[in-house]
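This is run_5.pdb. It holds PDB, C-alpha atoms.
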MODEL        1
ATOM      1  CA  MET A  20       0.000   0.000   0.000  1.00  0.00           C
ATOM      2  CA  SER A  21       1.381   3.424  -0.983  1.00  0.00           C
ATOM      3  CA  LEU A  22       0.155   6.815   0.212  1.00  0.00           C
ATOM      4  CA  LYS A  23      -0.050  10.245  -1.389  1.00  0.00           C
ATOM      5  CA  VAL A  24       0.460  13.206   0.926  1.00  0.00           C
ATOM      6  CA  ALA A  25      -0.400  16.777  -0.069  1.00  0.00           C
ATOM      7  CA  LEU A  26       1.953  19.514   1.083  1.00  0.00           C
ATOM      8  CA  PHE A  27       1.189  23.170   1.692  1.00  0.00           C
ATOM      9  CA  GLY A  28       3.034  26.300   2.738  1.00  0.00           C
ATOM     10  CA  ILE A  29       6.409  25.724   4.293  1.00  0.00           C
ATOM     11  CA  THR A  30       6.089  21.928   4.136  1.00  0.00           C
ATOM     12  CA  ARG A  31       5.912  22.164   0.332  1.00  0.00           C
ATOM     13  CA  ASP A  32       9.029  24.361   0.347  1.00  0.00           C
ATOM     14  CA  ILE A  33      10.873  21.893   2.592  1.00  0.00           C
ATOM     15  CA  VAL A  34       9.954  18.780   0.589  1.00  0.00           C
ATOM     16  CA  GLY A  35      10.156  20.547  -2.774  1.00  0.00           C
ATOM     17  CA  THR A  36       6.894  19.255  -4.240  1.00  0.00           C
ATOM     18  CA  SER A  37       3.159  19.707  -3.627  1.00  0.00           C
ATOM     19  CA  VAL A  38       2.424  15.964  -3.445  1.00  0.00           C
ATOM     20  CA  ILE A  39       4.734  13.225  -2.229  1.00  0.00           C
ATOM     21  CA  GLU A  40       4.073   9.531  -2.766  1.00  0.00           C
ATOM     22  CA  LEU A  41       5.274   7.179  -0.057  1.00  0.00           C
ATOM     23  CA  PRO A  42       5.839   3.706  -1.515  1.00  0.00           C
ATOM     24  CA  ALA A  43       4.803   0.477   0.180  1.00  0.00           C
ATOM     25  CA  PRO A  44       5.146  -0.364   2.975  1.00  0.00           C
ATOM     26  CA  ALA A  45       3.661   3.049   3.763  1.00  0.00           C
ATOM     27  CA  PRO A  46       3.030   4.358   7.296  1.00  0.00           C
ATOM     28  CA  ALA A  47      -0.091   2.823   8.816  1.00  0.00           C
ATOM     29  CA  THR A  48      -1.009   5.696  11.109  1.00  0.00           C
ATOM     30  CA  VAL A  49      -0.736   9.481  11.335  1.00  0.00           C
ATOM     31  CA  GLY A  50       1.995   9.113  13.970  1.00  0.00           C
ATOM     32  CA  GLU A  51       4.045   6.782  11.750  1.00  0.00           C
ATOM     33  CA  LEU A  52       3.613   9.153   8.808  1.00  0.00           C
ATOM     34  CA  LEU A  53       4.931  12.107  10.819  1.00  0.00           C
ATOM     35  CA  ALA A  54       7.886  10.057  12.066  1.00  0.00           C
ATOM     36  CA  GLU A  55       8.729   8.905   8.535  1.00  0.00           C
ATOM     37  CA  MET A  56       8.414  12.405   7.049  1.00  0.00           C
ATOM     38  CA  ARG A  57      10.597  13.908   9.795  1.00  0.00           C
ATOM     39  CA  LYS A  58      13.192  11.208   9.203  1.00  0.00           C
ATOM     40  CA  GLN A  59      13.326  11.981   5.473  1.00  0.00           C
ATOM     41  CA  TYR A  60      13.037  15.765   5.924  1.00  0.00           C
ATOM     42  CA  PRO A  61      14.530  16.805   9.295  1.00  0.00           C
ATOM     43  CA  ALA A  62      13.530  20.462   8.686  1.00  0.00           C
ATOM     44  CA  LEU A  63       9.905  19.402   9.286  1.00  0.00           C
ATOM     45  CA  GLY A  64      10.881  18.713  12.898  1.00  0.00           C
ATOM     46  CA  GLU A  65      11.939  22.329  13.353  1.00  0.00           C
ATOM     47  CA  LEU A  66       8.430  23.688  12.722  1.00  0.00           C
ATOM     48  CA  ARG A  67       6.336  25.077  15.569  1.00  0.00           C
ATOM     49  CA  SER A  68       3.842  22.299  14.815  1.00  0.00           C
ATOM     50  CA  CYS A  69       2.924  19.921  12.031  1.00  0.00           C
ATOM     51  CA  ALA A  70      -0.509  18.311  12.039  1.00  0.00           C
ATOM     52  CA  VAL A  71      -1.920  15.759   9.643  1.00  0.00           C
ATOM     53  CA  ALA A  72      -5.305  16.062   7.972  1.00  0.00           C
ATOM     54  CA  VAL A  73      -7.245  13.036   6.785  1.00  0.00           C
ATOM     55  CA  ASN A  74     -10.175  13.786   4.485  1.00  0.00           C
ATOM     56  CA  ASN A  75     -10.189  17.474   5.474  1.00  0.00           C
ATOM     57  CA  GLU A  76     -10.248  16.823   9.237  1.00  0.00           C
ATOM     58  CA  TYR A  77      -7.414  17.089  11.763  1.00  0.00           C
ATOM     59  CA  ALA A  78      -6.413  13.544  12.699  1.00  0.00           C
ATOM     60  CA  ALA A  79      -4.935  12.144  15.945  1.00  0.00           C
ATOM     61  CA  HIS A  80      -1.633  10.234  15.949  1.00  0.00           C
ATOM     62  CA  ASP A  81      -3.348   6.833  16.192  1.00  0.00           C
ATOM     63  CA  HIS A  82      -5.641   7.544  13.232  1.00  0.00           C
ATOM     64  CA  PRO A  83      -5.186   4.802  10.593  1.00  0.00           C
ATOM     65  CA  LEU A  84      -4.264   5.731   7.011  1.00  0.00           C
ATOM     66  CA  ARG A  85      -5.703   4.144   3.871  1.00  0.00           C
ATOM     67  CA  THR A  86      -4.724   4.538   0.217  1.00  0.00           C
ATOM     68  CA  VAL A  87      -8.106   6.104  -0.570  1.00  0.00           C
ATOM     69  CA  ASP A  88      -7.721   8.833   2.087  1.00  0.00           C
ATOM     70  CA  GLU A  89      -6.940  12.427   1.179  1.00  0.00           C
ATOM     71  CA  ILE A  90      -3.921  13.066   3.387  1.00  0.00           C
ATOM     72  CA  ALA A  91      -2.124  16.378   3.957  1.00  0.00           C
ATOM     73  CA  LEU A  92       0.555  17.809   6.208  1.00  0.00           C
ATOM     74  CA  ILE A  93      -0.690  20.941   7.996  1.00  0.00           C
ATOM     75  CA  PRO A  94       2.085  23.294   9.130  1.00  0.00           C
ATOM     76  CA  PRO A  95       1.205  26.187  11.500  1.00  0.00           C
ATOM     77  CA  VAL A  96      -1.766  28.038  10.002  1.00  0.00           C
ATOM     78  CA  ALA A  97      -1.882  31.817   9.688  1.00  0.00           C
ATOM     79  CA  GLY A  98      -5.225  32.822   8.226  1.00  0.00           C
ATOM     80  CA  GLY A  99      -7.145  35.951   9.070  1.00  0.00           C
TER      81      GLY A  99
ATOM     82  CA  MET B   9     -29.588  30.231   7.551  1.00  0.00           C
ATOM     83  CA  THR B  10     -26.949  28.469   5.468  1.00  0.00           C
ATOM     84  CA  PRO B  11     -23.693  30.346   6.078  1.00  0.00           C
ATOM     85  CA  HIS B  12     -22.046  32.106   3.148  1.00  0.00           C
ATOM     86  CA  LEU B  13     -18.478  30.780   3.142  1.00  0.00           C
ATOM     87  CA  SER B  14     -15.948  31.346   0.392  1.00  0.00           C
ATOM     88  CA  ILE B  15     -12.290  31.529  -0.540  1.00  0.00           C
ATOM     89  CA  THR B  16     -11.453  33.813  -3.434  1.00  0.00           C
ATOM     90  CA  ASP B  17      -8.419  34.958  -5.385  1.00  0.00           C
ATOM     91  CA  GLN B  18     -10.291  38.129  -6.369  1.00  0.00           C
ATOM     92  CA  PRO B  19     -10.619  41.362  -4.348  1.00  0.00           C
ATOM     93  CA  ILE B  20     -13.248  40.974  -1.604  1.00  0.00           C
ATOM     94  CA  ALA B  21     -16.375  43.110  -1.958  1.00  0.00           C
ATOM     95  CA  VAL B  22     -17.153  43.973   1.664  1.00  0.00           C
ATOM     96  CA  ALA B  23     -20.583  45.343   0.746  1.00  0.00           C
ATOM     97  CA  ASP B  24     -21.531  41.970  -0.759  1.00  0.00           C
ATOM     98  CA  ALA B  25     -20.664  40.176   2.502  1.00  0.00           C
ATOM     99  CA  LEU B  26     -22.752  42.659   4.475  1.00  0.00           C
ATOM    100  CA  ALA B  27     -25.657  42.263   2.046  1.00  0.00           C
ATOM    101  CA  ALA B  28     -25.407  38.466   2.349  1.00  0.00           C
ATOM    102  CA  VAL B  29     -26.207  38.578   6.085  1.00  0.00           C
ATOM    103  CA  GLN B  30     -28.979  41.152   5.815  1.00  0.00           C
ATOM    104  CA  THR B  31     -32.247  39.834   7.233  1.00  0.00           C
ATOM    105  CA  ASP B  32     -35.341  41.515   8.655  1.00  0.00           C
ATOM    106  CA  ALA B  33     -35.041  39.278  11.759  1.00  0.00           C
ATOM    107  CA  ALA B  34     -31.784  40.974  12.785  1.00  0.00           C
ATOM    108  CA  GLY B  35     -31.325  44.353  14.409  1.00  0.00           C
ATOM    109  CA  ALA B  36     -27.543  44.100  14.404  1.00  0.00           C
ATOM    110  CA  VAL B  37     -24.972  43.387  11.729  1.00  0.00           C
ATOM    111  CA  ASN B  38     -21.386  43.162  12.944  1.00  0.00           C
ATOM    112  CA  ALA B  39     -18.367  42.791  10.696  1.00  0.00           C
ATOM    113  CA  PHE B  40     -14.649  42.220  11.139  1.00  0.00           C
ATOM    114  CA  ILE B  41     -12.485  43.277   8.223  1.00  0.00           C
ATOM    115  CA  GLY B  42      -8.865  42.117   8.230  1.00  0.00           C
ATOM    116  CA  THR B  43      -6.514  44.135   6.035  1.00  0.00           C
ATOM    117  CA  VAL B  44      -2.863  43.921   4.984  1.00  0.00           C
ATOM    118  CA  ARG B  45      -0.622  45.928   7.320  1.00  0.00           C
ATOM    119  CA  ASN B  46       2.657  47.576   6.314  1.00  0.00           C
ATOM    120  CA  GLN B  47       4.779  45.978   9.039  1.00  0.00           C
ATOM    121  CA  SER B  48       5.104  42.820  11.094  1.00  0.00           C
ATOM    122  CA  GLY B  49       6.981  42.895  14.394  1.00  0.00           C
ATOM    123  CA  GLY B  50       8.627  46.158  13.325  1.00  0.00           C
ATOM    124  CA  ARG B  51       9.786  44.725   9.987  1.00  0.00           C
ATOM    125  CA  PRO B  52       8.399  46.514   6.909  1.00  0.00           C
ATOM    126  CA  VAL B  53       6.097  44.285   4.836  1.00  0.00           C
ATOM    127  CA  ARG B  54       5.713  44.906   1.093  1.00  0.00           C
ATOM    128  CA  ARG B  55       2.916  42.460   0.338  1.00  0.00           C
ATOM    129  CA  LEU B  56       1.420  39.134   1.438  1.00  0.00           C
ATOM    130  CA  HIS B  57       0.891  35.802  -0.235  1.00  0.00           C
ATOM    131  CA  TYR B  58      -1.920  33.636   1.141  1.00  0.00           C
ATOM    132  CA  GLU B  59      -2.232  29.960   0.314  1.00  0.00           C
ATOM    133  CA  SER B  60      -5.312  27.874   1.122  1.00  0.00           C
ATOM    134  CA  TYR B  61      -6.112  24.162   1.246  1.00  0.00           C
ATOM    135  CA  ASP B  62      -9.545  25.082  -0.050  1.00  0.00           C
ATOM    136  CA  SER B  63     -11.578  21.941   0.635  1.00  0.00           C
ATOM    137  CA  MET B  64     -10.307  21.710   4.222  1.00  0.00           C
ATOM    138  CA  THR B  65     -10.588  25.457   4.737  1.00  0.00           C
ATOM    139  CA  LEU B  66     -14.281  25.310   3.842  1.00  0.00           C
ATOM    140  CA  THR B  67     -14.815  22.198   5.997  1.00  0.00           C
ATOM    141  CA  GLN B  68     -13.157  23.818   9.011  1.00  0.00           C
ATOM    142  CA  LEU B  69     -14.958  27.130   8.449  1.00  0.00           C
ATOM    143  CA  GLY B  70     -18.210  25.164   8.494  1.00  0.00           C
ATOM    144  CA  HIS B  71     -17.251  23.670  11.880  1.00  0.00           C
ATOM    145  CA  VAL B  72     -16.388  27.122  13.288  1.00  0.00           C
ATOM    146  CA  VAL B  73     -19.703  28.583  12.184  1.00  0.00           C
ATOM    147  CA  ALA B  74     -21.616  25.548  13.495  1.00  0.00           C
ATOM    148  CA  GLN B  75     -19.969  26.108  16.906  1.00  0.00           C
ATOM    149  CA  ALA B  76     -21.041  29.759  16.771  1.00  0.00           C
ATOM    150  CA  TYR B  77     -24.654  28.735  16.076  1.00  0.00           C
ATOM    151  CA  GLU B  78     -24.501  26.401  19.109  1.00  0.00           C
ATOM    152  CA  LYS B  79     -23.099  29.112  21.383  1.00  0.00           C
ATOM    153  CA  TRP B  80     -25.468  31.828  20.141  1.00  0.00           C
ATOM    154  CA  PRO B  81     -28.745  30.166  19.100  1.00  0.00           C
ATOM    155  CA  MET B  82     -30.158  33.584  18.184  1.00  0.00           C
ATOM    156  CA  LEU B  83     -27.465  33.989  15.517  1.00  0.00           C
ATOM    157  CA  GLN B  84     -29.193  34.604  12.195  1.00  0.00           C
ATOM    158  CA  GLU B  85     -26.882  34.892   9.200  1.00  0.00           C
ATOM    159  CA  VAL B  86     -23.107  34.449   8.846  1.00  0.00           C
ATOM    160  CA  ALA B  87     -20.755  35.270   5.986  1.00  0.00           C
ATOM    161  CA  VAL B  88     -17.018  34.563   5.897  1.00  0.00           C
ATOM    162  CA  VAL B  89     -14.908  35.455   2.863  1.00  0.00           C
ATOM    163  CA  HIS B  90     -11.145  34.876   2.845  1.00  0.00           C
ATOM    164  CA  ARG B  91      -8.813  36.036   0.124  1.00  0.00           C
ATOM    165  CA  LYS B  92      -5.920  33.972  -1.229  1.00  0.00           C
ATOM    166  CA  GLY B  93      -3.082  34.723  -3.617  1.00  0.00           C
ATOM    167  CA  THR B  94      -1.024  37.918  -3.616  1.00  0.00           C
ATOM    168  CA  LEU B  95      -2.347  40.886  -1.600  1.00  0.00           C
ATOM    169  CA  GLU B  96      -1.013  44.426  -1.562  1.00  0.00           C
ATOM    170  CA  LEU B  97      -0.921  46.775   1.447  1.00  0.00           C
ATOM    171  CA  GLY B  98      -4.426  47.815   2.453  1.00  0.00           C
ATOM    172  CA  ASP B  99      -6.138  44.943   0.629  1.00  0.00           C
ATOM    173  CA  VAL B 100      -8.927  43.153   2.476  1.00  0.00           C
ATOM    174  CA  ALA B 101      -7.736  39.667   3.505  1.00  0.00           C
ATOM    175  CA  VAL B 102     -10.832  38.467   5.357  1.00  0.00           C
ATOM    176  CA  VAL B 103     -14.362  39.551   6.161  1.00  0.00           C
ATOM    177  CA  VAL B 104     -16.540  38.010   8.869  1.00  0.00           C
ATOM    178  CA  ALA B 105     -20.093  39.328   9.024  1.00  0.00           C
ATOM    179  CA  VAL B 106     -22.860  38.196  11.356  1.00  0.00           C
ATOM    180  CA  ALA B 107     -26.459  39.217  11.907  1.00  0.00           C
ATOM    181  CA  THR B 108     -28.217  38.831  15.259  1.00  0.00           C
ATOM    182  CA  PRO B 109     -31.375  40.315  16.831  1.00  0.00           C
ATOM    183  CA  HIS B 110     -29.367  42.468  19.278  1.00  0.00           C
ATOM    184  CA  ARG B 111     -25.890  43.970  19.237  1.00  0.00           C
ATOM    185  CA  ALA B 112     -24.171  42.256  22.196  1.00  0.00           C
ATOM    186  CA  GLU B 113     -24.332  38.809  20.585  1.00  0.00           C
ATOM    187  CA  SER B 114     -23.223  40.228  17.250  1.00  0.00           C
ATOM    188  CA  PHE B 115     -19.900  41.436  18.720  1.00  0.00           C
ATOM    189  CA  ALA B 116     -19.348  38.162  20.610  1.00  0.00           C
ATOM    190  CA  ALA B 117     -20.201  35.854  17.710  1.00  0.00           C
ATOM    191  CA  CYS B 118     -18.112  37.868  15.237  1.00  0.00           C
ATOM    192  CA  GLN B 119     -15.076  37.809  17.553  1.00  0.00           C
ATOM    193  CA  PHE B 120     -15.473  34.080  18.215  1.00  0.00           C
ATOM    194  CA  ILE B 121     -15.558  33.307  14.505  1.00  0.00           C
ATOM    195  CA  ILE B 122     -12.473  35.354  13.570  1.00  0.00           C
ATOM    196  CA  ASP B 123     -10.492  34.155  16.624  1.00  0.00           C
ATOM    197  CA  THR B 124     -11.317  30.475  16.015  1.00  0.00           C
ATOM    198  CA  LEU B 125     -10.814  30.788  12.262  1.00  0.00           C
ATOM    199  CA  LYS B 126      -7.237  31.930  12.862  1.00  0.00           C
ATOM    200  CA  GLN B 127      -6.540  28.790  14.917  1.00  0.00           C
ATOM    201  CA  VAL B 128      -7.995  26.068  12.706  1.00  0.00           C
ATOM    202  CA  VAL B 129      -8.525  27.206   9.132  1.00  0.00           C
ATOM    203  CA  THR B 130      -5.938  25.833   6.701  1.00  0.00           C
ATOM    204  CA  ILE B 131      -4.612  29.076   5.270  1.00  0.00           C
ATOM    205  CA  TRP B 132      -0.934  30.036   5.250  1.00  0.00           C
ATOM    206  CA  LYS B 133       0.582  33.478   4.990  1.00  0.00           C
ATOM    207  CA  ARG B 134       3.962  34.330   3.495  1.00  0.00           C
ATOM    208  CA  GLU B 135       5.150  37.848   4.202  1.00  0.00           C
ATOM    209  CA  GLU B 136       7.296  39.591   1.612  1.00  0.00           C
ATOM    210  CA  TYR B 137       9.971  42.000   2.880  1.00  0.00           C
ATOM    211  CA  GLU B 138      12.604  44.147   1.180  1.00  0.00           C
ATOM    212  CA  ASP B 139      15.095  41.294   1.463  1.00  0.00           C
ATOM    213  CA  GLY B 140      13.094  38.087   1.177  1.00  0.00           C
ATOM    214  CA  THR B 141       9.991  36.225   2.330  1.00  0.00           C
ATOM    215  CA  GLU B 142       8.950  34.171   5.338  1.00  0.00           C
ATOM    216  CA  TRP B 143       6.061  31.841   6.224  1.00  0.00           C
ATOM    217  CA  VAL B 144       4.324  33.435   9.201  1.00  0.00           C
ATOM    218  CA  ALA B 145       4.333  31.486  12.506  1.00  0.00           C
ATOM    219  CA  ALA B 146       6.073  28.486  10.942  1.00  0.00           C
ATOM    220  CA  HIS B 147       8.935  28.363  13.432  1.00  0.00           C
ATOM    221  CA  PRO B 148       9.005  28.748  17.242  1.00  0.00           C
TER     222      PRO B 148
ENDMDL
END
Represent the structure from my file as structure tokens, please.
Amino acid sequence: MSLKVALFGITRDIVGTSVIELPAPAPATVGELLAEMRKQYPALGELRSCAVAVNNEYAAHDHPLRTVDEIALIPPVAGG
Amino acid sequence: MTPHLSITDQPIAVADALAAVQTDAAGAVNAFIGTVRNQSGGRPVRRLHYESYDSMTLTQLGHVVAQAYEKWPMLQEVAVVHRKGTLELGDVAVVVAVATPHRAESFAACQFIIDTLKQVVTIWKREEYEDGTEWVAAHP
């Protein structure tokens, strides 16, 4: 199972693309995804925060990930 | 009472947002208008670039407005318009407009929506200075 992860703002700058595909065996949970991404891109660990969204909702670390999910990294927001 | 929520890359027409919340059941319309300021922490800002994860932004905005309706059951109409793309100094970045029967709830509901929006809505801001750019709030 592979996963596609959308990247926005500073996470896109750090990774260098707006979508990254993680090949199988892909992380099974939000927590594993964050750990894997921080391992590949240590600059992600320097952010004030980095959440993960699954299907447009903020997801907890134990939230499972499926290939069909719309997954995104959410760096610190600054709307308004 | 479906809220009027939108993200746009075009200049925001404040009058349209105010008109969208107009209802004969309300005696108060309250609006917050966020504009682009010329400095940030003492550093001169030339312009701003906003980026939005649109589908999630609209989902989260819907949650924020639903919470406002729970807290203020008398809340009538709500409009939230957020700009994205490149904004010049003085441009309108966001408008929140609410209509309620009386004024006290209109101030409270409007403030709740803009304050909560800033915490959860998936919009990112990159400030442009004389000597470069920076994503706002990205680092501790």
Completion exercise
From the list A:Ala25, A:Val73, A:Met20, A:Ala54, the nearest residue to A:Pro42 using only C-alpha atoms is A:Met20
Practice task
To verify the selection step, state as a ChimeraX atom specification which residues the PyMOL selection byres ((chain B and resi 100-111) around 8) yields on this input.
Solution key: /A:99 /B:19-20,22,25-26,29-31,33-44,82-92,95,98-99,112-115,117-118,121-122
Practice task
Rounded to one decimal place, report the atom CA of B:Gln47-atom CA of B:Glu135 distance in Å.
Solution key: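 Answer for the atom CA of B:Gln47 to atom CA of B:Glu135 separation: 9.5 Å.
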Practice task
Determine the residue set returned by the PyMOL selection byres ((chain B) within 6 of (chain A)) for the present structure, and present it as a list in words.
Solution key: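 For this structure, the PyMOL selection byres ((chain B) within 6 of (chain A)) captures Met64, Val102, Lys126, Thr130, Ile131, Trp132, Lys133, Ala146, His147 and Pro148 of chain B.
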Problem - One-decimal distance in Å that lies between atom CA of A:Ser37 and atom CA of B:Thr16 - result: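 Separating atom CA of B:Thr16 from atom CA of A:Ser37 is a distance of 20.3 Å.
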Exercise for the section: Enumerate, as a count of residues only, the protein, DNA and RNA residues whose atoms approach (-3.0, 12.3, 12.9) to within 9 Å, taking into account only C-alpha atoms and the coordinate frame of the file. Expected result: 17
Problem - Shell around A:Ser21 at 12 Å using all atoms listed in the file, local window under 5 positions removed, as a ChimeraX atom specification - result: /A:39-47,52,84-88,90
Convert the current residue selection to file output with C-alpha atoms, as an mmCIF file, in the coordinates of the input.
data_model
loop_
_atom_site.group_PDB
_atom_site.id
_atom_site.type_symbol
_atom_site.label_atom_id
_atom_site.label_comp_id
_atom_site.auth_asym_id
_atom_site.auth_seq_id
_atom_site.Cartn_x
_atom_site.Cartn_y
_atom_site.Cartn_z
ATOM 1 C CA ILE A 39 4.734 13.225 -2.229
ATOM 2 C CA GLU A 40 4.073 9.531 -2.766
ATOM 3 C CA LEU A 41 5.274 7.179 -0.057
ATOM 4 C CA PRO A 42 5.839 3.706 -1.515
ATOM 5 C CA ALA A 43 4.803 0.477 0.180
ATOM 6 C CA PRO A 44 5.146 -0.364 2.975
ATOM 7 C CA ALA A 45 3.661 3.049 3.763
ATOM 8 C CA PRO A 46 3.030 4.358 7.296
ATOM 9 C CA ALA A 47 -0.091 2.823 8.816
ATOM 10 C CA LEU A 52 3.613 9.153 8.808
ATOM 11 C CA LEU A 84 -4.264 5.731 7.011
ATOM 12 C CA ARG A 85 -5.703 4.144 3.871
ATOM 13 C CA THR A 86 -4.724 4.538 0.217
ATOM 14 C CA VAL A 87 -8.106 6.104 -0.570
ATOM 15 C CA ASP A 88 -7.721 8.833 2.087
ATOM 16 C CA ILE A 90 -3.921 13.066 3.387
#
Practice task
Apply the PyMOL selection byres ((chain B and resi 65) around 9) to the structure shown and report the selected residues as number ranges by chain.
Solution key: A: 75; B: 15, 60-64, 66-70, 128-131
Problem - Shortest interatomic distance to B:Trp80 - which of B:Ala116, B:Thr10, B:Glu138, B:Gln18, counting all atoms listed in the file - result: B:Ala116
Practice task
Enter the distance from atom CA of B:Arg45 to atom CA of B:Phe120, in Å, rounded to one decimal.
Solution key: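 Pair atom CA of B:Arg45 / atom CA of B:Phe120 returns 21.9 Å.
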Missing atoms in stretch 22-29 of chain A: can you complete it with all heavy atoms, as a CSV table (one decimal), in the coordinates of the input?
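Once written, rebuild.csv looks like this:
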chain,number,residue,atom,x,y,z
A,22,LEU,N,1.0,5.7,-0.2
A,22,LEU,CA,0.2,6.8,0.2
A,22,LEU,C,0.6,8.1,-0.5
A,22,LEU,O,1.8,8.3,-0.8
A,22,LEU,CB,0.3,7.1,1.7
A,22,LEU,CG,-0.2,6.1,2.7
A,22,LEU,CD1,0.1,6.6,4.1
A,22,LEU,CD2,-1.7,5.9,2.5
A,23,LYS,N,-0.4,8.9,-0.9
A,23,LYS,CA,0.0,10.2,-1.4
A,23,LYS,C,-0.3,11.3,-0.3
A,23,LYS,O,-1.4,11.2,0.3
A,23,LYS,CB,-0.9,10.6,-2.6
A,23,LYS,CG,-0.4,9.9,-3.9
A,23,LYS,CD,-1.2,10.3,-5.1
A,23,LYS,CE,-0.8,9.5,-6.3
A,23,LYS,NZ,-1.8,9.6,-7.4
A,24,VAL,N,0.6,12.2,-0.1
A,24,VAL,CA,0.5,13.2,0.9
A,24,VAL,C,0.6,14.6,0.3
A,24,VAL,O,1.6,14.9,-0.4
A,24,VAL,CB,1.5,13.0,2.0
A,24,VAL,CG1,1.4,14.1,3.1
A,24,VAL,CG2,1.5,11.6,2.6
A,25,ALA,N,-0.4,15.4,0.5
A,25,ALA,CA,-0.4,16.8,-0.1
A,25,ALA,C,0.4,17.7,0.9
A,25,ALA,O,0.3,17.5,2.1
A,25,ALA,CB,-1.8,17.3,-0.3
A,26,LEU,N,1.1,18.6,0.3
A,26,LEU,CA,2.0,19.5,1.1
A,26,LEU,C,1.6,21.0,0.8
A,26,LEU,O,1.4,21.3,-0.4
A,26,LEU,CB,3.4,19.2,0.7
A,26,LEU,CG,3.8,17.8,0.9
A,26,LEU,CD1,5.1,17.5,0.2
A,26,LEU,CD2,4.0,17.5,2.4
A,27,PHE,N,1.6,21.8,1.8
A,27,PHE,CA,1.2,23.2,1.7
A,27,PHE,C,2.2,24.0,2.4
A,27,PHE,O,2.9,23.6,3.3
A,27,PHE,CB,-0.2,23.4,2.3
A,27,PHE,CG,-1.3,22.7,1.6
A,27,PHE,CD1,-1.7,21.5,2.0
A,27,PHE,CD2,-1.9,23.2,0.4
A,27,PHE,CE1,-2.7,20.8,1.3
A,27,PHE,CE2,-2.9,22.6,-0.3
A,27,PHE,CZ,-3.3,21.3,0.2
A,28,GLY,N,2.2,25.3,2.0
A,28,GLY,CA,3.0,26.3,2.7
A,28,GLY,C,4.5,25.9,2.9
A,28,GLY,O,5.1,25.4,1.9
A,29,ILE,N,5.0,26.0,4.1
A,29,ILE,CA,6.4,25.7,4.3
A,29,ILE,C,6.7,24.2,4.1
A,29,ILE,O,7.9,23.9,3.8
A,29,ILE,CB,6.9,26.3,5.7
A,29,ILE,CG1,8.4,26.3,5.7
A,29,ILE,CG2,6.3,25.4,6.8
A,29,ILE,CD1,8.9,27.1,6.9
